[in-house]
Amino acid sequence: RATLLARDRIIGPSAPGDIQHVVLRLPEGMHYVEGQSLSVVPPGIDPKNGRPHKPRLYSIASTRYGDAADGTTVSLCVRRAEYYDPVTGHVDPSRKGVCSNFLCDAAPGTVVNVAGPVGKTMVLPRDSNRDVIMIATGTGVAPFRAFLHRLFMEDTVARHMFGGTAWLVLGVPVRDGLLYEQEIDAMMRNAGPGQLQVDYAISREMTNSIDGGKMYVQHVIAQKADELFARLDSGANVYFCGLKGMMPPILETMEKVAAARGVDWSTKLKELKDNHQWHVEVY
């Protein structure tokens, strides 16, 4: 049983929907590392089957020490799941996301049933000189916030030992929807020369140079394909996190840019997976 300590809306008024940063006090003895997920069980009974609700997984958005830096808290980046009726244009409360709405409405002090942590897919590489490439859409930035705090904000051995480059590509619909922008700006100031690179793909406000259309994360990949492939060839680890719909256009783009270099993408992808350089967590 965790306890909700605080929550805060972290997108501006012109961004669609509601995304909140939620901080929980962990149950005693629960520990996690960056890149893992926490299981949250919303209260109440599922009206469909008369049983308790099933747990929902949320990517952890804080380092192992938590935002309070005392090892007792965990932070989540939660998008309120809402369904808009296509006829009326209004939110249909009967189809809202049970867990996300519980977290986004909970008052400080609310008890939250949690389990875990789970996940070995998204952890940072053991070799502190490896480049870390992070490609996210929306709340998929959660594990990468944890990575970046670990590498550039905390006064730990991990930060001082990091000798690679961290590269974040974040896709959002509007500038008001950029998550943790001020924190990322602070990380840029903390990082050594060339150690942190950030590219935003703001789809409704930016155009790409590939076809002149909206800018999505796959267009950043295409525009910077030379750098991406050079880093992968040098052993970089690449991580993807966000809605599952992000992956097909990304894979299609990777196949195209590989073919342009005379590289068979299926062979290259297998090589990256076999070398534990390719990490995907989508939902």
# chains A, B, ... in the order shown; residues from 1 in each chain; ligands from 1
call {"tool": "residues_around", "arguments": {"residues": "A:Pro249", "least_positions_apart": "3", "cutoff": "10 Å", "atoms": "only C-alpha atoms", "output": "JSON, numbers by chain"}}
result
{"A": [216, 217, 218, 219, 245, 246, 252, 253, 254, 255]}
call {"tool": "write_last_selection", "arguments": {"atoms": "all heavy atoms", "output": "PDB file, in the first residue's frame"}}
result
ATOM      1  N   TYR A 216       6.788  14.076 -36.891  1.00  0.00           N
ATOM      2  CA  TYR A 216       6.665  13.025 -35.888  1.00  0.00           C
ATOM      3  C   TYR A 216       8.049  12.453 -35.599  1.00  0.00           C
ATOM      4  O   TYR A 216       9.028  12.759 -36.305  1.00  0.00           O
ATOM      5  CB  TYR A 216       5.729  11.914 -36.391  1.00  0.00           C
ATOM      6  CG  TYR A 216       4.292  12.360 -36.566  1.00  0.00           C
ATOM      7  CD1 TYR A 216       3.774  12.620 -37.835  1.00  0.00           C
ATOM      8  CD2 TYR A 216       3.453  12.524 -35.462  1.00  0.00           C
ATOM      9  CE1 TYR A 216       2.459  13.027 -38.005  1.00  0.00           C
ATOM     10  CE2 TYR A 216       2.125  12.930 -35.629  1.00  0.00           C
ATOM     11  CZ  TYR A 216       1.637  13.183 -36.896  1.00  0.00           C
ATOM     12  OH  TYR A 216       0.340  13.591 -37.052  1.00  0.00           O
ATOM     13  N   VAL A 217       8.138  11.617 -34.566  1.00  0.00           N
ATOM     14  CA  VAL A 217       9.465  11.120 -34.170  1.00  0.00           C
ATOM     15  C   VAL A 217      10.161  10.366 -35.310  1.00  0.00           C
ATOM     16  O   VAL A 217      11.392  10.441 -35.445  1.00  0.00           O
ATOM     17  CB  VAL A 217       9.384  10.232 -32.899  1.00  0.00           C
ATOM     18  CG1 VAL A 217       9.046  11.065 -31.678  1.00  0.00           C
ATOM     19  CG2 VAL A 217       8.392   9.089 -33.068  1.00  0.00           C
ATOM     20  N   GLN A 218       9.404   9.668 -36.149  1.00  0.00           N
ATOM     21  CA  GLN A 218      10.042   8.925 -37.241  1.00  0.00           C
ATOM     22  C   GLN A 218      10.716   9.863 -38.245  1.00  0.00           C
ATOM     23  O   GLN A 218      11.682   9.484 -38.919  1.00  0.00           O
ATOM     24  CB  GLN A 218       9.037   8.009 -37.955  1.00  0.00           C
ATOM     25  CG  GLN A 218       7.883   8.695 -38.639  1.00  0.00           C
ATOM     26  CD  GLN A 218       6.653   8.776 -37.749  1.00  0.00           C
ATOM     27  OE1 GLN A 218       6.765   8.749 -36.528  1.00  0.00           O
ATOM     28  NE2 GLN A 218       5.476   8.843 -38.368  1.00  0.00           N
ATOM     29  N   HIS A 219      10.211  11.110 -38.328  1.00  0.00           N
ATOM     30  CA  HIS A 219      10.842  12.067 -39.237  1.00  0.00           C
ATOM     31  C   HIS A 219      12.183  12.561 -38.671  1.00  0.00           C
ATOM     32  O   HIS A 219      13.121  12.822 -39.434  1.00  0.00           O
ATOM     33  CB  HIS A 219       9.901  13.248 -39.504  1.00  0.00           C
ATOM     34  CG  HIS A 219       8.629  12.828 -40.189  1.00  0.00           C
ATOM     35  ND1 HIS A 219       7.393  13.005 -39.633  1.00  0.00           N
ATOM     36  CD2 HIS A 219       8.434  12.210 -41.387  1.00  0.00           C
ATOM     37  CE1 HIS A 219       6.474  12.526 -40.465  1.00  0.00           C
ATOM     38  NE2 HIS A 219       7.073  12.043 -41.526  1.00  0.00           N
ATOM     39  N   GLY A 245       1.177   2.417 -31.377  1.00  0.00           N
ATOM     40  CA  GLY A 245       1.059   2.912 -32.742  1.00  0.00           C
ATOM     41  C   GLY A 245       2.291   3.655 -33.236  1.00  0.00           C
ATOM     42  O   GLY A 245       2.419   3.910 -34.444  1.00  0.00           O
ATOM     43  N   MET A 246       3.226   3.991 -32.321  1.00  0.00           N
ATOM     44  CA  MET A 246       4.439   4.699 -32.748  1.00  0.00           C
ATOM     45  C   MET A 246       5.393   3.782 -33.506  1.00  0.00           C
ATOM     46  O   MET A 246       6.182   4.238 -34.330  1.00  0.00           O
ATOM     47  CB  MET A 246       5.163   5.316 -31.540  1.00  0.00           C
ATOM     48  CG  MET A 246       5.853   4.304 -30.626  1.00  0.00           C
ATOM     49  SD  MET A 246       6.581   5.034 -29.124  1.00  0.00           S
ATOM     50  CE  MET A 246       8.135   5.695 -29.743  1.00  0.00           C
ATOM     51  N   GLU A 252       9.178   1.226 -40.305  1.00  0.00           N
ATOM     52  CA  GLU A 252       9.149   1.488 -41.748  1.00  0.00           C
ATOM     53  C   GLU A 252      10.245   2.481 -42.135  1.00  0.00           C
ATOM     54  O   GLU A 252      10.937   2.315 -43.142  1.00  0.00           O
ATOM     55  CB  GLU A 252       7.766   2.032 -42.134  1.00  0.00           C
ATOM     56  CG  GLU A 252       7.569   2.234 -43.616  1.00  0.00           C
ATOM     57  CD  GLU A 252       6.199   2.822 -43.944  1.00  0.00           C
ATOM     58  OE1 GLU A 252       5.238   2.561 -43.184  1.00  0.00           O
ATOM     59  OE2 GLU A 252       6.104   3.541 -44.947  1.00  0.00           O
ATOM     60  N   THR A 253      10.394   3.519 -41.306  1.00  0.00           N
ATOM     61  CA  THR A 253      11.430   4.524 -41.553  1.00  0.00           C
ATOM     62  C   THR A 253      12.818   3.911 -41.442  1.00  0.00           C
ATOM     63  O   THR A 253      13.701   4.163 -42.279  1.00  0.00           O
ATOM     64  CB  THR A 253      11.292   5.692 -40.559  1.00  0.00           C
ATOM     65  OG1 THR A 253      10.027   6.323 -40.759  1.00  0.00           O
ATOM     66  CG2 THR A 253      12.399   6.714 -40.731  1.00  0.00           C
ATOM     67  N   MET A 254      13.038   3.092 -40.397  1.00  0.00           N
ATOM     68  CA  MET A 254      14.346   2.462 -40.214  1.00  0.00           C
ATOM     69  C   MET A 254      14.687   1.561 -41.402  1.00  0.00           C
ATOM     70  O   MET A 254      15.840   1.526 -41.852  1.00  0.00           O
ATOM     71  CB  MET A 254      14.350   1.633 -38.919  1.00  0.00           C
ATOM     72  CG  MET A 254      14.159   2.438 -37.648  1.00  0.00           C
ATOM     73  SD  MET A 254      15.566   3.484 -37.221  1.00  0.00           S
ATOM     74  CE  MET A 254      16.606   2.355 -36.336  1.00  0.00           C
ATOM     75  N   GLU A 255      13.681   0.869 -41.921  1.00  0.00           N
ATOM     76  CA  GLU A 255      13.909  -0.012 -43.077  1.00  0.00           C
ATOM     77  C   GLU A 255      14.319   0.801 -44.302  1.00  0.00           C
ATOM     78  O   GLU A 255      15.234   0.420 -45.043  1.00  0.00           O
ATOM     79  CB  GLU A 255      12.637  -0.823 -43.364  1.00  0.00           C
ATOM     80  CG  GLU A 255      12.831  -1.883 -44.436  1.00  0.00           C
ATOM     81  CD  GLU A 255      11.647  -2.830 -44.552  1.00  0.00           C
ATOM     82  OE1 GLU A 255      10.613  -2.584 -43.902  1.00  0.00           O
ATOM     83  OE2 GLU A 255      11.770  -3.804 -45.305  1.00  0.00           O
TER      84      GLU A 255
END
call {"tool": "residues_around", "arguments": {"residues": "stretch 263-268 of chain A", "least_positions_apart": "2", "cutoff": "12 Å", "atoms": "only C-alpha atoms", "output": "PyMOL selection string"}}
result
chain A and resi 229+232-233+251-261+270-275+277-278
call {"tool": "select_by_dssp", "arguments": {"residues": "stretch 136-238 of chain A", "states": "alpha helix (DSSP H)", "output": "ChimeraX atom specification"}}
result
/A:142-152,157-161,181-190,217-223,225-233
call {"tool": "write_last_selection", "arguments": {"atoms": "N, CA and C atoms", "output": "compact mmCIF listing (two decimals), in the first residue's frame"}}
result
# COMPACT_ATOMS: atom_id res chain seq x y z
N ALA A 142 8.38 8.94 -19.61
CA ALA A 142 8.55 8.64 -18.17
C ALA A 142 9.88 7.95 -17.84
N PRO A 143 10.19 6.79 -18.44
CA PRO A 143 11.46 6.15 -18.07
C PRO A 143 12.67 6.98 -18.44
N PHE A 144 12.53 7.82 -19.46
CA PHE A 144 13.68 8.61 -19.90
C PHE A 144 13.92 9.80 -18.97
N ARG A 145 12.85 10.29 -18.33
CA ARG A 145 13.05 11.28 -17.26
C ARG A 145 13.92 10.65 -16.17
N ALA A 146 13.61 9.40 -15.83
CA ALA A 146 14.41 8.70 -14.81
C ALA A 146 15.86 8.55 -15.27
N PHE A 147 16.05 8.12 -16.51
CA PHE A 147 17.41 7.97 -17.05
C PHE A 147 18.19 9.29 -16.94
N LEU A 148 17.54 10.37 -17.39
CA LEU A 148 18.23 11.65 -17.47
C LEU A 148 18.53 12.24 -16.10
N HIS A 149 17.62 12.03 -15.14
CA HIS A 149 17.93 12.45 -13.77
C HIS A 149 19.12 11.67 -13.24
N ARG A 150 19.15 10.40 -13.54
CA ARG A 150 20.24 9.53 -13.09
C ARG A 150 21.58 9.98 -13.68
N LEU A 151 21.56 10.35 -14.96
CA LEU A 151 22.81 10.66 -15.66
C LEU A 151 23.28 12.10 -15.49
N PHE A 152 22.33 13.02 -15.22
CA PHE A 152 22.71 14.44 -15.26
C PHE A 152 22.31 15.29 -14.06
N VAL A 157 27.64 8.14 -8.41
CA VAL A 157 28.71 7.55 -9.22
C VAL A 157 28.23 7.39 -10.67
N ALA A 158 26.95 7.01 -10.84
CA ALA A 158 26.42 6.80 -12.19
C ALA A 158 26.57 8.06 -13.04
N ARG A 159 26.29 9.20 -12.44
CA ARG A 159 26.42 10.46 -13.18
C ARG A 159 27.89 10.75 -13.52
N HIS A 160 28.77 10.58 -12.56
CA HIS A 160 30.17 10.92 -12.80
C HIS A 160 30.86 9.94 -13.74
N MET A 161 30.34 8.71 -13.80
CA MET A 161 30.96 7.69 -14.65
C MET A 161 30.45 7.73 -16.09
N GLU A 181 9.86 19.93 -19.67
CA GLU A 181 10.76 20.76 -20.48
C GLU A 181 11.75 21.54 -19.61
N GLN A 182 11.28 22.12 -18.50
CA GLN A 182 12.19 22.89 -17.66
C GLN A 182 13.26 22.00 -17.04
N GLU A 183 12.86 20.79 -16.66
CA GLU A 183 13.85 19.86 -16.11
C GLU A 183 14.89 19.49 -17.16
N ILE A 184 14.42 19.25 -18.37
CA ILE A 184 15.34 18.88 -19.44
C ILE A 184 16.29 20.03 -19.75
N ASP A 185 15.78 21.26 -19.68
CA ASP A 185 16.65 22.43 -19.87
C ASP A 185 17.75 22.46 -18.81
N ALA A 186 17.38 22.13 -17.56
CA ALA A 186 18.37 22.11 -16.47
C ALA A 186 19.39 21.01 -16.70
N MET A 187 18.94 19.88 -17.22
CA MET A 187 19.86 18.79 -17.53
C MET A 187 20.85 19.19 -18.61
N MET A 188 20.36 19.94 -19.61
CA MET A 188 21.24 20.42 -20.68
C MET A 188 22.36 21.28 -20.10
N ARG A 189 22.00 22.08 -19.11
CA ARG A 189 23.01 22.95 -18.48
C ARG A 189 24.00 22.12 -17.65
N ASN A 190 23.52 21.04 -17.05
CA ASN A 190 24.38 20.20 -16.21
C ASN A 190 25.30 19.30 -17.03
N VAL A 217 8.14 11.62 -34.57
CA VAL A 217 9.47 11.12 -34.17
C VAL A 217 10.16 10.37 -35.31
N GLN A 218 9.40 9.67 -36.15
CA GLN A 218 10.04 8.93 -37.24
C GLN A 218 10.72 9.86 -38.24
N HIS A 219 10.21 11.11 -38.33
CA HIS A 219 10.84 12.07 -39.24
C HIS A 219 12.18 12.56 -38.67
N VAL A 220 12.26 12.69 -37.35
CA VAL A 220 13.56 13.03 -36.74
C VAL A 220 14.56 11.92 -37.04
N ILE A 221 14.09 10.67 -36.91
CA ILE A 221 14.96 9.52 -37.22
C ILE A 221 15.45 9.60 -38.67
N ALA A 222 14.53 9.90 -39.60
CA ALA A 222 14.90 9.96 -41.01
C ALA A 222 15.86 11.12 -41.29
N GLN A 223 15.58 12.28 -40.67
CA GLN A 223 16.42 13.46 -40.90
C GLN A 223 17.82 13.29 -40.30
N ALA A 225 19.34 10.22 -39.78
CA ALA A 225 19.63 8.80 -39.95
C ALA A 225 21.12 8.50 -39.90
N ASP A 226 21.94 9.37 -40.49
CA ASP A 226 23.39 9.13 -40.51
C ASP A 226 23.93 9.03 -39.09
N GLU A 227 23.51 9.99 -38.26
CA GLU A 227 23.99 10.00 -36.88
C GLU A 227 23.46 8.79 -36.12
N LEU A 228 22.17 8.48 -36.31
CA LEU A 228 21.56 7.36 -35.60
C LEU A 228 22.28 6.05 -35.93
N PHE A 229 22.49 5.79 -37.21
CA PHE A 229 23.14 4.53 -37.59
C PHE A 229 24.59 4.49 -37.15
N ALA A 230 25.26 5.63 -37.20
CA ALA A 230 26.67 5.66 -36.74
C ALA A 230 26.75 5.32 -35.25
N ARG A 231 25.82 5.86 -34.47
CA ARG A 231 25.83 5.58 -33.03
C ARG A 231 25.48 4.11 -32.76
N LEU A 232 24.49 3.59 -33.49
CA LEU A 232 24.13 2.17 -33.31
C LEU A 232 25.30 1.26 -33.69
N ASP A 233 25.98 1.60 -34.78
CA ASP A 233 27.14 0.80 -35.21
C ASP A 233 28.26 0.85 -34.17
call {"tool": "atom_distance", "arguments": {"atom1": "atom CA of A:Cys241", "atom2": "atom CA of A:Val282"}}
result
5.3 Å
call {"tool": "closest_residue", "arguments": {"among": "A:Gly12, A:Val114, A:Asp18, A:Val33", "to": "A:Pro55", "atoms": "only C-alpha atoms"}}
result
A:Val114
call {"tool": "atom_distance", "arguments": {"atom1": "atom CA of A:Arg175", "atom2": "atom CA of A:Met206"}}
result
9.7 Å
call {"tool": "closest_atom_pairs", "arguments": {"of": "stretch 9-98 of chain A", "to": "stretch 1-5 of chain A", "cutoff": "12 Å", "atoms": "only C-alpha atoms", "output": "tab-separated table"}}
result
residue	atom	partner	partner_atom	distance
A:His21	CA	A:Leu5	CA	10.9
A:Val22	CA	A:Leu4	CA	7.5
A:Val23	CA	A:Leu5	CA	5.6
A:Leu24	CA	A:Leu4	CA	4.4
A:Arg25	CA	A:Thr3	CA	5.0
A:Leu26	CA	A:Ala2	CA	4.9
A:Pro27	CA	A:Ala2	CA	5.2
A:Glu28	CA	A:Ala2	CA	8.8
A:Gly29	CA	A:Arg1	CA	11.3
A:Met30	CA	A:Ala2	CA	9.8
A:Leu38	CA	A:Ala2	CA	11.1
A:Ser39	CA	A:Ala2	CA	11.2
A:Val40	CA	A:Ala2	CA	9.5
A:Val41	CA	A:Arg1	CA	9.9
A:Pro42	CA	A:Arg1	CA	11.6
A:Pro43	CA	A:Arg1	CA	11.7
A:Asp67	CA	A:Leu5	CA	11.2
A:Ala68	CA	A:Leu5	CA	10.8
A:Thr72	CA	A:Ala2	CA	10.1
A:Thr73	CA	A:Leu5	CA	8.8
A:Val74	CA	A:Ala2	CA	9.4
A:Ser75	CA	A:Leu4	CA	9.8
A:Leu76	CA	A:Leu4	CA	10.8
call {"tool": "write_last_selection", "arguments": {"atoms": "N, CA, C and O atoms", "output": "short mmCIF file (atom, residue, chain, number, x, y, z; two decimals), in the first residue's frame"}}
result
data_model
loop_
_atom_site.label_atom_id
_atom_site.label_comp_id
_atom_site.auth_asym_id
_atom_site.auth_seq_id
_atom_site.Cartn_x
_atom_site.Cartn_y
_atom_site.Cartn_z
N HIS A 21 1.89 14.53 -13.09
CA HIS A 21 3.04 13.91 -12.42
C HIS A 21 2.58 13.54 -11.02
O HIS A 21 2.16 14.40 -10.25
N VAL A 22 2.61 12.25 -10.72
CA VAL A 22 2.06 11.72 -9.47
C VAL A 22 3.20 11.14 -8.63
O VAL A 22 3.98 10.31 -9.11
N VAL A 23 3.29 11.59 -7.38
CA VAL A 23 4.34 11.12 -6.47
C VAL A 23 3.70 10.29 -5.36
O VAL A 23 2.78 10.75 -4.68
N LEU A 24 4.21 9.08 -5.20
CA LEU A 24 3.70 8.15 -4.18
C LEU A 24 4.79 7.84 -3.16
O LEU A 24 5.97 7.69 -3.52
N ARG A 25 4.38 7.73 -1.88
CA ARG A 25 5.29 7.19 -0.86
C ARG A 25 5.22 5.66 -0.97
O ARG A 25 4.15 5.08 -0.91
N LEU A 26 6.36 5.03 -1.15
CA LEU A 26 6.41 3.59 -1.35
C LEU A 26 6.10 2.81 -0.08
O LEU A 26 6.39 3.28 1.03
N PRO A 27 5.56 1.60 -0.24
CA PRO A 27 5.48 0.71 0.93
C PRO A 27 6.89 0.40 1.42
O PRO A 27 7.84 0.34 0.62
N GLU A 28 7.04 0.20 2.70
CA GLU A 28 8.36 -0.06 3.26
C GLU A 28 8.96 -1.32 2.63
O GLU A 28 8.29 -2.34 2.46
N GLY A 29 10.21 -1.21 2.22
CA GLY A 29 10.91 -2.36 1.66
C GLY A 29 10.81 -2.50 0.15
O GLY A 29 11.45 -3.36 -0.43
N MET A 30 10.00 -1.66 -0.51
CA MET A 30 9.88 -1.74 -1.96
C MET A 30 10.95 -0.87 -2.62
O MET A 30 11.11 0.29 -2.27
N LEU A 38 5.62 0.12 -12.41
CA LEU A 38 4.90 -0.14 -11.17
C LEU A 38 3.47 -0.55 -11.52
O LEU A 38 2.84 0.03 -12.40
N SER A 39 2.97 -1.55 -10.81
CA SER A 39 1.61 -2.02 -11.00
C SER A 39 0.70 -1.32 -10.01
O SER A 39 0.97 -1.32 -8.80
N VAL A 40 -0.37 -0.68 -10.51
CA VAL A 40 -1.32 0.03 -9.66
C VAL A 40 -2.69 -0.65 -9.78
O VAL A 40 -3.16 -0.89 -10.90
N VAL A 41 -3.29 -0.94 -8.65
CA VAL A 41 -4.61 -1.58 -8.63
C VAL A 41 -5.64 -0.53 -8.21
O VAL A 41 -5.64 -0.09 -7.06
N PRO A 42 -6.52 -0.11 -9.13
CA PRO A 42 -7.52 0.89 -8.76
C PRO A 42 -8.54 0.30 -7.78
O PRO A 42 -8.81 -0.91 -7.83
N PRO A 43 -9.11 1.12 -6.91
CA PRO A 43 -10.09 0.60 -5.95
C PRO A 43 -11.41 0.26 -6.64
O PRO A 43 -11.68 0.71 -7.75
N ASP A 67 11.93 11.46 -6.34
CA ASP A 67 12.05 12.91 -6.45
C ASP A 67 12.50 13.56 -5.15
O ASP A 67 13.08 14.65 -5.16
N ALA A 68 12.23 12.89 -4.02
CA ALA A 68 12.65 13.44 -2.72
C ALA A 68 14.08 13.05 -2.39
O ALA A 68 14.63 13.49 -1.38
N THR A 72 12.40 6.76 -0.79
CA THR A 72 11.10 6.31 -0.24
C THR A 72 9.92 6.63 -1.16
O THR A 72 8.79 6.31 -0.81
N THR A 73 10.18 7.26 -2.30
CA THR A 73 9.07 7.65 -3.17
C THR A 73 9.26 7.12 -4.60
O THR A 73 10.37 6.74 -4.99
N VAL A 74 8.17 7.12 -5.33
CA VAL A 74 8.20 6.77 -6.74
C VAL A 74 7.30 7.76 -7.48
O VAL A 74 6.29 8.21 -6.93
N SER A 75 7.67 8.13 -8.70
CA SER A 75 6.88 9.08 -9.48
C SER A 75 6.39 8.42 -10.76
O SER A 75 7.11 7.63 -11.38
N LEU A 76 5.16 8.77 -11.13
CA LEU A 76 4.54 8.26 -12.35
C LEU A 76 4.08 9.43 -13.21
O LEU A 76 3.75 10.50 -12.68
#
call {"tool": "closest_residue", "arguments": {"among": "A:Asn101, A:Ser59, A:Gln197, A:Asn113", "to": "A:Leu168", "atoms": "only C-alpha atoms"}}
result
A:Gln197
call {"tool": "residues_around", "arguments": {"residues": "A:Pro47", "least_positions_apart": "3", "cutoff": "12 Å", "atoms": "only C-alpha atoms", "output": "PDB file with all heavy atoms, in the first residue's frame"}}
result
ATOM      1  N   GLY A  44     -12.217  -0.542  -5.950  1.00  0.00           N
ATOM      2  CA  GLY A  44     -13.550  -0.815  -6.458  1.00  0.00           C
ATOM      3  C   GLY A  44     -13.641  -2.135  -7.205  1.00  0.00           C
ATOM      4  O   GLY A  44     -12.674  -2.897  -7.310  1.00  0.00           O
ATOM      5  N   GLY A  50     -17.751  -8.295 -11.763  1.00  0.00           N
ATOM      6  CA  GLY A  50     -17.990  -8.355 -10.322  1.00  0.00           C
ATOM      7  C   GLY A  50     -16.748  -8.650  -9.502  1.00  0.00           C
ATOM      8  O   GLY A  50     -16.839  -8.953  -8.308  1.00  0.00           O
ATOM      9  N   ARG A  51     -15.580  -8.536 -10.112  1.00  0.00           N
ATOM     10  CA  ARG A  51     -14.327  -8.808  -9.409  1.00  0.00           C
ATOM     11  C   ARG A  51     -13.529  -7.514  -9.239  1.00  0.00           C
ATOM     12  O   ARG A  51     -13.794  -6.528  -9.923  1.00  0.00           O
ATOM     13  CB  ARG A  51     -13.492  -9.819 -10.198  1.00  0.00           C
ATOM     14  CG  ARG A  51     -14.157 -11.175 -10.362  1.00  0.00           C
ATOM     15  CD  ARG A  51     -13.343 -12.057 -11.281  1.00  0.00           C
ATOM     16  NE  ARG A  51     -13.993 -13.328 -11.538  1.00  0.00           N
ATOM     17  CZ  ARG A  51     -13.638 -14.180 -12.480  1.00  0.00           C
ATOM     18  NH1 ARG A  51     -12.619 -13.882 -13.280  1.00  0.00           N
ATOM     19  NH2 ARG A  51     -14.285 -15.314 -12.651  1.00  0.00           N
ATOM     20  N   PRO A  52     -12.534  -7.531  -8.348  1.00  0.00           N
ATOM     21  CA  PRO A  52     -11.672  -6.341  -8.226  1.00  0.00           C
ATOM     22  C   PRO A  52     -11.029  -6.006  -9.571  1.00  0.00           C
ATOM     23  O   PRO A  52     -10.793  -6.897 -10.397  1.00  0.00           O
ATOM     24  CB  PRO A  52     -10.617  -6.775  -7.197  1.00  0.00           C
ATOM     25  CG  PRO A  52     -11.296  -7.839  -6.394  1.00  0.00           C
ATOM     26  CD  PRO A  52     -12.195  -8.569  -7.361  1.00  0.00           C
ATOM     27  N   HIS A  53     -10.761  -4.714  -9.780  1.00  0.00           N
ATOM     28  CA  HIS A  53     -10.134  -4.288 -11.026  1.00  0.00           C
ATOM     29  C   HIS A  53      -8.761  -4.929 -11.187  1.00  0.00           C
ATOM     30  O   HIS A  53      -8.048  -5.184 -10.213  1.00  0.00           O
ATOM     31  CB  HIS A  53      -9.977  -2.766 -11.045  1.00  0.00           C
ATOM     32  CG  HIS A  53     -11.263  -2.037 -11.212  1.00  0.00           C
ATOM     33  ND1 HIS A  53     -11.982  -2.047 -12.391  1.00  0.00           N
ATOM     34  CD2 HIS A  53     -11.961  -1.251 -10.346  1.00  0.00           C
ATOM     35  CE1 HIS A  53     -13.068  -1.306 -12.245  1.00  0.00           C
ATOM     36  NE2 HIS A  53     -13.089  -0.821 -11.015  1.00  0.00           N
ATOM     37  N   LYS A  54      -8.389  -5.170 -12.430  1.00  0.00           N
ATOM     38  CA  LYS A  54      -7.059  -5.696 -12.726  1.00  0.00           C
ATOM     39  C   LYS A  54      -6.023  -4.579 -12.564  1.00  0.00           C
ATOM     40  O   LYS A  54      -6.333  -3.400 -12.755  1.00  0.00           O
ATOM     41  CB  LYS A  54      -7.007  -6.237 -14.153  1.00  0.00           C
ATOM     42  CG  LYS A  54      -7.809  -7.513 -14.351  1.00  0.00           C
ATOM     43  CD  LYS A  54      -7.669  -8.017 -15.788  1.00  0.00           C
ATOM     44  CE  LYS A  54      -8.446  -9.318 -15.978  1.00  0.00           C
ATOM     45  NZ  LYS A  54      -8.339  -9.814 -17.381  1.00  0.00           N
ATOM     46  N   SER A  94     -18.829   7.066 -18.645  1.00  0.00           N
ATOM     47  CA  SER A  94     -18.985   5.624 -18.487  1.00  0.00           C
ATOM     48  C   SER A  94     -17.834   4.849 -19.130  1.00  0.00           C
ATOM     49  O   SER A  94     -17.672   3.655 -18.883  1.00  0.00           O
ATOM     50  CB  SER A  94     -20.321   5.160 -19.089  1.00  0.00           C
ATOM     51  OG  SER A  94     -20.295   5.263 -20.504  1.00  0.00           O
ATOM     52  N   ARG A  95     -17.039   5.525 -19.948  1.00  0.00           N
ATOM     53  CA  ARG A  95     -15.948   4.843 -20.641  1.00  0.00           C
ATOM     54  C   ARG A  95     -14.574   5.407 -20.268  1.00  0.00           C
ATOM     55  O   ARG A  95     -13.604   5.240 -20.994  1.00  0.00           O
ATOM     56  CB  ARG A  95     -16.165   4.925 -22.158  1.00  0.00           C
ATOM     57  CG  ARG A  95     -17.475   4.265 -22.588  1.00  0.00           C
ATOM     58  CD  ARG A  95     -17.730   4.394 -24.077  1.00  0.00           C
ATOM     59  NE  ARG A  95     -16.773   3.615 -24.867  1.00  0.00           N
ATOM     60  CZ  ARG A  95     -16.870   3.460 -26.187  1.00  0.00           C
ATOM     61  NH1 ARG A  95     -17.867   4.019 -26.858  1.00  0.00           N
ATOM     62  NH2 ARG A  95     -15.983   2.744 -26.854  1.00  0.00           N
ATOM     63  N   VAL A  98     -10.357   3.761 -15.596  1.00  0.00           N
ATOM     64  CA  VAL A  98     -10.595   3.677 -14.153  1.00  0.00           C
ATOM     65  C   VAL A  98      -9.358   4.076 -13.349  1.00  0.00           C
ATOM     66  O   VAL A  98      -9.433   4.886 -12.429  1.00  0.00           O
ATOM     67  CB  VAL A  98     -11.039   2.240 -13.770  1.00  0.00           C
ATOM     68  CG1 VAL A  98     -11.143   2.098 -12.263  1.00  0.00           C
ATOM     69  CG2 VAL A  98     -12.363   1.909 -14.425  1.00  0.00           C
TER      70      VAL A  98
END
call {"tool": "residues_around", "arguments": {"residues": "A:Gly97", "least_positions_apart": "4", "cutoff": "10 Å", "atoms": "only C-alpha atoms", "output": "list in words"}}
result
Arg79, Arg80, Ala81, Glu82, Tyr83, Pro93, Asn101 and Phe102 of chain A
